[in-house]
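Structure data follow from start-v5.txt (compact mmCIF, N, CA and C atoms):
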# COMPACT_ATOMS: atom_id res chain seq x y z
N MET A 3 0.84 -1.17 0.00
CA MET A 3 0.00 0.00 0.00
C MET A 3 0.90 1.24 0.00
N VAL A 4 0.57 2.23 -0.81
CA VAL A 4 1.39 3.43 -0.91
C VAL A 4 0.57 4.64 -0.48
N ASN A 5 1.14 5.46 0.35
CA ASN A 5 0.52 6.70 0.77
C ASN A 5 1.35 7.83 0.18
N SER A 6 0.79 8.61 -0.71
CA SER A 6 1.57 9.62 -1.44
C SER A 6 2.07 10.75 -0.56
N ILE A 7 1.48 10.96 0.61
CA ILE A 7 1.91 12.05 1.48
C ILE A 7 3.08 11.63 2.36
N THR A 8 3.02 10.44 2.93
CA THR A 8 4.04 10.04 3.90
C THR A 8 5.07 9.07 3.35
N GLY A 9 4.75 8.28 2.39
CA GLY A 9 5.69 7.30 1.86
C GLY A 9 5.06 5.93 1.77
N MET A 10 5.91 4.92 1.70
CA MET A 10 5.42 3.53 1.57
C MET A 10 5.37 2.90 2.96
N TYR A 11 4.43 2.00 3.14
CA TYR A 11 4.35 1.27 4.40
C TYR A 11 4.94 -0.11 4.22
N GLN A 12 5.76 -0.52 5.18
CA GLN A 12 6.31 -1.87 5.19
C GLN A 12 6.00 -2.41 6.57
N GLY A 13 4.93 -3.19 6.66
CA GLY A 13 4.43 -3.61 7.97
C GLY A 13 3.87 -2.40 8.68
N SER A 14 4.38 -2.09 9.88
CA SER A 14 3.92 -0.91 10.61
C SER A 14 4.89 0.27 10.45
N ARG A 15 5.93 0.10 9.65
CA ARG A 15 6.93 1.14 9.46
C ARG A 15 6.65 1.95 8.20
N VAL A 16 6.95 3.24 8.27
CA VAL A 16 6.81 4.11 7.11
C VAL A 16 8.18 4.23 6.45
N ILE A 17 8.26 3.91 5.16
CA ILE A 17 9.51 3.99 4.42
C ILE A 17 9.51 5.27 3.60
N TYR A 18 10.32 6.25 4.02
CA TYR A 18 10.43 7.53 3.31
C TYR A 18 11.46 7.46 2.20
N ASN A 19 12.47 6.64 2.38
CA ASN A 19 13.59 6.54 1.44
C ASN A 19 13.73 5.10 0.95
N PRO A 20 12.92 4.70 -0.04
CA PRO A 20 12.97 3.32 -0.52
C PRO A 20 14.36 2.98 -1.04
N GLY A 21 14.76 1.74 -0.83
CA GLY A 21 16.06 1.28 -1.29
C GLY A 21 17.16 1.45 -0.26
N GLU A 22 16.87 2.14 0.83
CA GLU A 22 17.86 2.34 1.89
C GLU A 22 17.72 1.25 2.94
N SER A 23 18.71 1.10 3.78
CA SER A 23 18.73 0.09 4.82
C SER A 23 17.63 0.35 5.86
N THR A 24 17.00 -0.72 6.33
CA THR A 24 15.98 -0.59 7.38
C THR A 24 16.56 -0.88 8.76
N GLU A 25 17.88 -1.08 8.83
CA GLU A 25 18.54 -1.36 10.10
C GLU A 25 18.78 -0.05 10.86
N VAL A 26 18.35 -0.01 12.13
CA VAL A 26 18.56 1.16 12.98
C VAL A 26 19.92 1.00 13.66
N LYS A 27 20.83 1.93 13.40
CA LYS A 27 22.17 1.88 14.01
C LYS A 27 22.07 2.24 15.48
N GLN A 28 22.97 1.68 16.27
CA GLN A 28 22.96 1.95 17.71
C GLN A 28 23.19 3.44 17.96
N GLY A 29 22.36 4.03 18.79
CA GLY A 29 22.48 5.44 19.15
C GLY A 29 21.66 6.38 18.27
N TYR A 30 20.94 5.84 17.27
CA TYR A 30 20.14 6.67 16.38
C TYR A 30 18.67 6.30 16.51
N ARG A 31 17.78 7.23 16.15
CA ARG A 31 16.34 7.05 16.33
C ARG A 31 15.69 6.22 15.24
N SER A 32 16.23 6.28 14.01
CA SER A 32 15.57 5.57 12.91
C SER A 32 16.59 5.00 11.94
N SER A 33 16.09 4.21 11.02
CA SER A 33 16.95 3.67 9.96
C SER A 33 16.99 4.67 8.80
N PRO A 34 17.99 4.54 7.91
CA PRO A 34 18.03 5.43 6.75
C PRO A 34 16.75 5.37 5.90
N ALA A 35 16.11 4.21 5.84
CA ALA A 35 14.88 4.07 5.05
C ALA A 35 13.72 4.83 5.68
N GLU A 36 13.73 4.94 7.00
CA GLU A 36 12.62 5.57 7.72
C GLU A 36 12.91 7.02 8.13
N CYS A 37 14.04 7.56 7.75
CA CYS A 37 14.49 8.87 8.23
C CYS A 37 13.71 10.01 7.59
N GLU A 38 12.95 10.70 8.39
CA GLU A 38 12.17 11.84 7.90
C GLU A 38 13.07 13.06 7.69
N THR A 39 14.13 13.17 8.47
CA THR A 39 15.08 14.28 8.30
C THR A 39 15.72 14.23 6.92
N CYS A 40 16.16 13.05 6.49
CA CYS A 40 16.76 12.91 5.16
C CYS A 40 15.73 13.17 4.07
N LYS A 41 14.51 12.75 4.30
CA LYS A 41 13.45 12.95 3.32
C LYS A 41 13.16 14.44 3.12
N ASN A 42 13.26 15.22 4.19
CA ASN A 42 12.89 16.64 4.13
C ASN A 42 14.07 17.60 4.00
N ARG A 43 15.29 17.06 3.86
CA ARG A 43 16.48 17.92 3.77
C ARG A 43 16.42 18.79 2.52
N LYS A 44 16.71 20.09 2.68
CA LYS A 44 16.69 21.03 1.55
C LYS A 44 18.02 21.74 1.45
N TYR A 45 18.34 22.16 0.24
CA TYR A 45 19.58 22.87 -0.05
C TYR A 45 19.25 24.26 -0.57
N LYS A 46 20.04 25.26 -0.12
CA LYS A 46 19.82 26.64 -0.55
C LYS A 46 21.18 27.35 -0.66
N ASP A 47 21.35 28.11 -1.75
CA ASP A 47 22.59 28.85 -1.98
C ASP A 47 22.57 30.13 -1.15
N GLY A 48 23.67 30.42 -0.47
CA GLY A 48 23.73 31.61 0.36
C GLY A 48 24.55 32.74 -0.24
N SER A 49 24.98 32.60 -1.48
CA SER A 49 25.81 33.64 -2.10
C SER A 49 24.95 34.73 -2.73
N ASP A 50 25.60 35.78 -3.19
CA ASP A 50 24.89 36.88 -3.85
C ASP A 50 24.93 36.75 -5.37
N GLU A 51 25.39 35.60 -5.88
CA GLU A 51 25.44 35.37 -7.33
C GLU A 51 24.12 34.80 -7.83
N MET A 52 23.88 35.00 -9.12
CA MET A 52 22.69 34.40 -9.74
C MET A 52 23.05 32.98 -10.19
N VAL A 53 22.73 32.02 -9.35
CA VAL A 53 22.97 30.60 -9.63
C VAL A 53 21.75 29.80 -9.19
N SER A 54 21.79 28.51 -9.38
CA SER A 54 20.67 27.65 -8.98
C SER A 54 20.56 27.58 -7.45
N TYR A 55 19.44 27.07 -6.99
CA TYR A 55 19.15 26.85 -5.57
C TYR A 55 19.10 28.14 -4.75
N LYS A 56 18.55 29.21 -5.33
CA LYS A 56 18.38 30.45 -4.57
C LYS A 56 17.23 30.30 -3.58
N SER A 57 16.29 29.42 -3.88
CA SER A 57 15.25 29.10 -2.89
C SER A 57 15.48 27.66 -2.46
N ALA A 58 15.09 27.34 -1.23
CA ALA A 58 15.34 26.01 -0.67
C ALA A 58 14.70 24.93 -1.55
N THR A 59 15.50 23.93 -1.89
CA THR A 59 15.07 22.86 -2.80
C THR A 59 15.46 21.50 -2.22
N HIS A 60 14.56 20.55 -2.28
CA HIS A 60 14.87 19.19 -1.84
C HIS A 60 15.65 18.47 -2.95
N ILE A 61 16.70 17.78 -2.56
CA ILE A 61 17.47 16.92 -3.46
C ILE A 61 17.57 15.58 -2.77
N SER A 62 17.33 14.51 -3.49
CA SER A 62 17.41 13.19 -2.87
C SER A 62 18.83 12.93 -2.39
N PRO A 63 19.00 12.17 -1.32
CA PRO A 63 20.35 11.89 -0.81
C PRO A 63 21.26 11.24 -1.86
N GLN A 64 20.69 10.45 -2.76
CA GLN A 64 21.49 9.79 -3.79
C GLN A 64 21.99 10.79 -4.84
N ALA A 65 21.25 11.85 -5.11
CA ALA A 65 21.60 12.81 -6.14
C ALA A 65 22.29 14.06 -5.59
N ALA A 66 22.36 14.20 -4.26
CA ALA A 66 22.89 15.43 -3.66
C ALA A 66 24.34 15.69 -4.04
N GLY A 67 25.17 14.67 -4.07
CA GLY A 67 26.59 14.86 -4.39
C GLY A 67 26.80 15.48 -5.75
N SER A 68 26.19 14.92 -6.77
CA SER A 68 26.38 15.45 -8.13
C SER A 68 25.69 16.80 -8.29
N ALA A 69 24.55 17.01 -7.63
CA ALA A 69 23.85 18.29 -7.74
C ALA A 69 24.66 19.41 -7.09
N VAL A 70 25.25 19.14 -5.94
CA VAL A 70 26.06 20.16 -5.25
C VAL A 70 27.33 20.45 -6.05
N ARG A 71 27.98 19.42 -6.60
CA ARG A 71 29.17 19.64 -7.44
C ARG A 71 28.83 20.49 -8.65
N ALA A 72 27.72 20.20 -9.31
CA ALA A 72 27.30 20.98 -10.48
C ALA A 72 27.00 22.43 -10.09
N HIS A 73 26.37 22.61 -8.95
CA HIS A 73 26.06 23.96 -8.48
C HIS A 73 27.34 24.74 -8.21
N GLU A 74 28.30 24.13 -7.55
CA GLU A 74 29.55 24.82 -7.25
C GLU A 74 30.32 25.14 -8.53
N GLN A 75 30.17 24.29 -9.55
CA GLN A 75 30.80 24.56 -10.84
C GLN A 75 30.20 25.82 -11.49
N GLU A 76 28.94 26.10 -11.20
CA GLU A 76 28.32 27.34 -11.69
C GLU A 76 29.07 28.56 -11.15
N HIS A 77 29.47 28.50 -9.87
CA HIS A 77 30.22 29.60 -9.28
C HIS A 77 31.58 29.77 -9.97
N VAL A 78 32.24 28.65 -10.27
CA VAL A 78 33.54 28.70 -10.97
C VAL A 78 33.35 29.30 -12.36
N SER A 79 32.33 28.85 -13.08
CA SER A 79 32.05 29.39 -14.42
C SER A 79 31.78 30.89 -14.37
N ASN A 80 31.04 31.32 -13.36
CA ASN A 80 30.75 32.76 -13.20
C ASN A 80 32.04 33.55 -12.96
N ALA A 81 32.98 32.97 -12.22
CA ALA A 81 34.25 33.66 -11.97
C ALA A 81 35.02 33.84 -13.28
N TYR A 82 35.06 32.82 -14.12
CA TYR A 82 35.76 32.93 -15.41
C TYR A 82 35.07 33.94 -16.32
N LYS A 83 33.74 33.96 -16.31
CA LYS A 83 33.01 34.95 -17.13
C LYS A 83 33.28 36.36 -16.64
N ASP A 84 33.27 36.56 -15.32
CA ASP A 84 33.52 37.87 -14.75
C ASP A 84 34.94 38.34 -15.07
N ALA A 85 35.90 37.43 -14.96
CA ALA A 85 37.29 37.79 -15.27
C ALA A 85 37.44 38.17 -16.74
N ALA A 86 36.84 37.42 -17.63
CA ALA A 86 36.94 37.71 -19.06
C ALA A 86 36.28 39.04 -19.41
N LYS A 87 35.18 39.33 -18.76
CA LYS A 87 34.42 40.55 -19.05
C LYS A 87 35.12 41.80 -18.51
N ASN A 88 35.89 41.67 -17.42
CA ASN A 88 36.47 42.83 -16.75
C ASN A 88 38.00 42.87 -16.82
N ASN A 89 38.57 42.31 -17.88
CA ASN A 89 40.02 42.35 -18.09
C ASN A 89 40.77 41.75 -16.89
N GLY A 90 40.37 40.54 -16.51
CA GLY A 90 41.01 39.88 -15.39
C GLY A 90 41.43 38.47 -15.74
N GLN A 91 42.02 37.82 -14.77
CA GLN A 91 42.48 36.44 -14.95
C GLN A 91 42.17 35.68 -13.67
N VAL A 92 41.58 34.49 -13.81
CA VAL A 92 41.32 33.64 -12.65
C VAL A 92 42.65 33.04 -12.24
N VAL A 93 43.11 33.37 -11.05
CA VAL A 93 44.38 32.88 -10.54
C VAL A 93 44.17 31.54 -9.84
N LYS A 94 43.05 31.41 -9.14
CA LYS A 94 42.77 30.20 -8.36
C LYS A 94 41.27 29.97 -8.30
N ALA A 95 40.87 28.72 -8.44
CA ALA A 95 39.47 28.34 -8.24
C ALA A 95 39.46 26.97 -7.58
N SER A 96 38.87 26.88 -6.40
CA SER A 96 38.82 25.59 -5.72
C SER A 96 37.40 25.35 -5.20
N VAL A 97 37.01 24.10 -5.21
CA VAL A 97 35.69 23.70 -4.75
C VAL A 97 35.87 22.64 -3.67
N SER A 98 35.19 22.80 -2.56
CA SER A 98 35.19 21.75 -1.54
C SER A 98 33.75 21.35 -1.26
N ILE A 99 33.55 20.05 -1.17
CA ILE A 99 32.23 19.48 -0.89
C ILE A 99 32.20 19.08 0.58
N LYS A 100 31.19 19.53 1.29
CA LYS A 100 31.06 19.26 2.72
C LYS A 100 30.14 18.06 2.94
N THR A 101 30.49 17.24 3.90
CA THR A 101 29.65 16.10 4.28
C THR A 101 29.33 16.19 5.77
N ALA A 102 28.29 15.49 6.17
CA ALA A 102 27.88 15.45 7.58
C ALA A 102 27.19 14.11 7.85
N ILE A 103 26.90 13.88 9.09
CA ILE A 103 26.19 12.67 9.52
C ILE A 103 24.81 13.08 10.00
N CYS A 104 23.78 12.43 9.48
CA CYS A 104 22.41 12.73 9.87
C CYS A 104 22.22 12.37 11.35
N PRO A 105 21.71 13.31 12.16
CA PRO A 105 21.54 13.03 13.58
C PRO A 105 20.42 12.03 13.88
N GLU A 106 19.52 11.83 12.93
CA GLU A 106 18.40 10.91 13.16
C GLU A 106 18.74 9.47 12.79
N CYS A 107 19.41 9.26 11.64
CA CYS A 107 19.63 7.89 11.17
C CYS A 107 21.10 7.49 11.07
N GLY A 108 22.03 8.43 11.15
CA GLY A 108 23.45 8.10 11.11
C GLY A 108 24.03 7.96 9.72
N ARG A 109 23.27 8.30 8.69
CA ARG A 109 23.76 8.18 7.32
C ARG A 109 24.65 9.38 7.00
N SER A 110 25.73 9.14 6.26
CA SER A 110 26.59 10.21 5.79
C SER A 110 25.92 10.83 4.56
N TYR A 111 25.92 12.16 4.49
CA TYR A 111 25.28 12.83 3.36
C TYR A 111 26.07 14.07 2.98
N VAL A 112 25.87 14.56 1.76
CA VAL A 112 26.50 15.79 1.30
C VAL A 112 25.69 16.95 1.89
N SER A 113 26.36 17.76 2.71
CA SER A 113 25.65 18.84 3.39
C SER A 113 25.80 20.18 2.68
N GLY A 114 26.67 20.28 1.70
CA GLY A 114 26.83 21.53 0.97
C GLY A 114 28.18 21.61 0.30
N GLY A 115 28.50 22.78 -0.18
CA GLY A 115 29.77 22.98 -0.85
C GLY A 115 30.22 24.42 -0.71
N GLU A 116 31.48 24.64 -1.05
CA GLU A 116 32.04 25.98 -0.97
C GLU A 116 33.00 26.18 -2.13
N THR A 117 32.89 27.31 -2.80
CA THR A 117 33.79 27.65 -3.90
C THR A 117 34.59 28.88 -3.52
N ASN A 118 35.90 28.79 -3.70
CA ASN A 118 36.77 29.94 -3.47
C ASN A 118 37.46 30.27 -4.78
N THR A 119 37.33 31.51 -5.21
CA THR A 119 37.99 31.94 -6.44
C THR A 119 38.80 33.19 -6.16
N GLN A 120 39.88 33.32 -6.88
CA GLN A 120 40.72 34.51 -6.78
C GLN A 120 40.93 35.02 -8.19
N ILE A 121 40.57 36.27 -8.42
CA ILE A 121 40.68 36.88 -9.75
C ILE A 121 41.62 38.07 -9.65
N LYS A 122 42.55 38.13 -10.58
CA LYS A 122 43.47 39.26 -10.66
C LYS A 122 42.98 40.15 -11.80
N TYR A 123 42.69 41.41 -11.47
CA TYR A 123 42.21 42.35 -12.48
C TYR A 123 43.34 43.28 -12.89
N TYR A 124 43.41 43.56 -14.18
CA TYR A 124 44.43 44.46 -14.71
C TYR A 124 43.76 45.80 -15.03
N ASN A 125 44.35 46.86 -14.51
CA ASN A 125 43.85 48.19 -14.80
C ASN A 125 44.97 48.95 -15.49
N GLU A 126 44.92 49.01 -16.81
CA GLU A 126 45.97 49.64 -17.60
C GLU A 126 46.02 51.15 -17.39
N GLU A 127 44.96 51.74 -16.86
CA GLU A 127 44.93 53.19 -16.65
C GLU A 127 45.60 53.57 -15.32
N ASN A 128 45.78 52.62 -14.44
CA ASN A 128 46.37 52.88 -13.15
C ASN A 128 47.87 53.17 -13.32
N PRO A 129 48.37 54.32 -12.83
CA PRO A 129 49.78 54.64 -13.01
C PRO A 129 50.72 53.64 -12.33
N TYR A 130 50.30 53.04 -11.24
CA TYR A 130 51.13 52.04 -10.57
C TYR A 130 51.26 50.78 -11.43
N GLN A 131 50.18 50.40 -12.09
CA GLN A 131 50.20 49.24 -12.97
C GLN A 131 51.13 49.50 -14.16
N LYS A 132 51.08 50.72 -14.71
CA LYS A 132 51.97 51.08 -15.82
C LYS A 132 53.43 51.02 -15.38
N ASP A 133 53.70 51.50 -14.15
CA ASP A 133 55.06 51.49 -13.62
C ASP A 133 55.55 50.06 -13.42
N LEU A 134 54.68 49.17 -12.90
CA LEU A 134 55.06 47.76 -12.72
C LEU A 134 55.37 47.12 -14.06
N LYS A 135 54.59 47.43 -15.06
CA LYS A 135 54.81 46.89 -16.40
C LYS A 135 56.17 47.34 -16.95
N LEU A 136 56.50 48.60 -16.74
CA LEU A 136 57.78 49.15 -17.18
C LEU A 136 58.93 48.47 -16.44
N GLN A 137 58.78 48.29 -15.12
CA GLN A 137 59.82 47.63 -14.32
C GLN A 137 60.02 46.19 -14.77
N ASP A 138 58.94 45.49 -15.08
CA ASP A 138 59.05 44.11 -15.56
C ASP A 138 59.80 44.05 -16.88
N SER A 139 59.54 45.02 -17.76
CA SER A 139 60.22 44.99 -19.05
C SER A 139 61.72 45.22 -18.88
N ILE A 140 62.11 46.05 -17.91
CA ILE A 140 63.53 46.28 -17.64
C ILE A 140 64.14 45.06 -16.95
N LYS A 141 63.42 44.49 -15.98
CA LYS A 141 63.93 43.38 -15.19
C LYS A 141 64.19 42.14 -16.06
N TYR A 142 63.32 41.88 -17.02
CA TYR A 142 63.44 40.66 -17.81
C TYR A 142 64.18 40.85 -19.13
N THR A 143 64.74 42.02 -19.37
CA THR A 143 65.51 42.26 -20.59
C THR A 143 66.77 41.40 -20.55
N GLY A 144 67.02 40.69 -21.61
CA GLY A 144 68.23 39.87 -21.71
C GLY A 144 68.12 38.49 -21.10
N ASN A 145 66.94 38.12 -20.60
CA ASN A 145 66.79 36.77 -20.04
C ASN A 145 66.85 35.70 -21.11
N ASN A 146 66.48 36.01 -22.32
CA ASN A 146 66.48 35.05 -23.40
C ASN A 146 67.62 35.37 -24.36
N VAL A 147 68.79 34.92 -24.02
CA VAL A 147 69.98 35.19 -24.82
C VAL A 147 70.35 33.93 -25.58
N ASP A 148 70.57 34.09 -26.86
CA ASP A 148 71.00 32.96 -27.71
C ASP A 148 72.53 32.92 -27.68
N GLU A 149 73.11 32.03 -26.90
CA GLU A 149 74.56 31.98 -26.72
C GLU A 149 75.27 31.31 -27.88
N ALA A 150 74.55 30.67 -28.77
CA ALA A 150 75.19 29.99 -29.90
C ALA A 150 75.60 30.99 -30.98
N ALA A 151 75.08 32.15 -30.97
CA ALA A 151 75.37 33.12 -32.04
C ALA A 151 76.71 33.76 -31.93
Go ahead and render the structure in this file as structure tokens.
Amino acid sequence: MVNSITGMYQGSRVIYNPGESTEVKQGYRSSPAECETCKNRKYKDGSDEMVSYKSATHISPQAAGSAVRAHEQEHVSNAYKDAAKNNGQVVKASVSIKTAICPECGRSYVSGGETNTQIKYYNEENPYQKDLKLQDSIKYTGNNVDEAA
């Protein structure tokens, strides 16, 4: 018998996450199959960029890893677009995926992600930038000498 609001019934137990283990680990309230916390977990982006997940969205525990990685890749793509548009260069882009343990069932799950980007912008109108460019041209003069000639 299936109840569309709560999940599937297996005997007297409600199964919210079909295909998961029905074994209750020691020290936890429910099994991964019966975990209402995992069933109701939502993901929301906290950045000021226009990317996916701006409003809280449920992602199944099985799909959360790839969905979070794809979302964080959106932030990396935005950094490259911003750098290209504003005469900059992406110096560093790193993504870390966070995991946690569900307090109700003990299952490990992807709890979110974080993207760190560093962009170096070039301002050719800045007199200090022009001076640095001039110093570099003097500093590196003669570094490529053909000694065979």
**Q.** Distance in Å - CA of Glu76 in chain A versus atom N of Asn42 in chain A
**A.**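 Between CA of Glu76 in chain A and atom N of Asn42 in chain A the gap is 25.0 Å.
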Q.
Please compute the CA of Cys107 in chain A-CA of Asp47 in chain A distance, one decimal, in Å.
A.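 According to the coordinates, CA of Cys107 in chain A and CA of Asp47 in chain A are separated by 24.9 Å.
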(Q) Using Å and a single decimal, report how far atom N of Asp50 in chain A sits from CA of Ser79 in chain A. (A)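 Between these atoms lies a distance of 14.4 Å.
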Q: Might you pull out every residue within 6.5 Å of range 57-70 of chain A, with all atoms listed in the file counted and same-chain residues fewer than 5 positions away left off, and present them as number ranges by chain?
A: A: 40, 42-47, 75, 112, 114-115
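Minimum distance to Glu38 in chain A across A:Tyr18, A:Tyr82, A:Tyr123, A:Tyr130 (counting only C-alpha atoms) occurs at A:Tyr18.
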Q: Determine, counting only N, CA and C atoms, which protein, DNA and RNA residues have an atom within 6.5 Å of an atom of range 19-21 of chain A; residues of the same chain fewer than 4 positions away are not included. Present the result as a list in words.
A: Pro34, Ala35, Glu36, Cys37 and Lys41 of chain A
**Q.** Point (35.1, 29.2, -5.9) neighbourhood (7 Å, all atoms listed in the file) written as a list of chain:residue names
**A.**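 Residues with an atom close enough to that point: A:Glu74, A:His77, A:Val78, A:Lys94, A:Ala95, A:Ser96, A:Val97, A:Glu116, A:Thr117, A:Asn118, A:Thr119, A:Gln120.
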**Q.** Sel. of strand (DSSP E) residues, range 6-144 of chain A, as a PyMOL selection string
**A.** chain A and resi 9-12+15-17+44-45+59-60+90-103+110-123
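Proximity of A:Gln137, A:Ser32, A:Asn128, A:Gln91 to Pro105 in chain A, computed with only N, CA and C atoms, is greatest for A:Ser32.
Closest approach to Lys122 in chain A among A:Thr24, A:Ser110, A:Asn89, A:Asn80: A:Asn89, based on all atoms listed in the file.
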Q | For Asn125 in chain A, the nearest of the candidates A:Asn88, A:Ser98, A:Ser33, A:Ser113, counting all atoms listed in the file | A |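 Result for the nearest residue to Asn125 in chain A: A:Asn88.
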Q: Please return as a PyMOL selection string: the residues of range 26-128 of chain A that backbone DSSP assigns to helix (DSSP H, G or I).
A: chain A and resi 34-36+38-42+66-87
Q) Pick from A:Arg71, A:Lys87, A:Arg31, A:Lys56: nearest to Glu106 in chain A, with only N, CA and C atoms counted? A)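 The closest residue to Glu106 in chain A is A:Arg31.
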Q: Measuring atom to atom with all atoms listed in the file, identify which of A:Met52, A:Lys83, A:Gly29, A:Gly90 is nearest to Tyr124 in chain A.
A: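 Selected residue with least distance to Tyr124 in chain A: A:Gly90.
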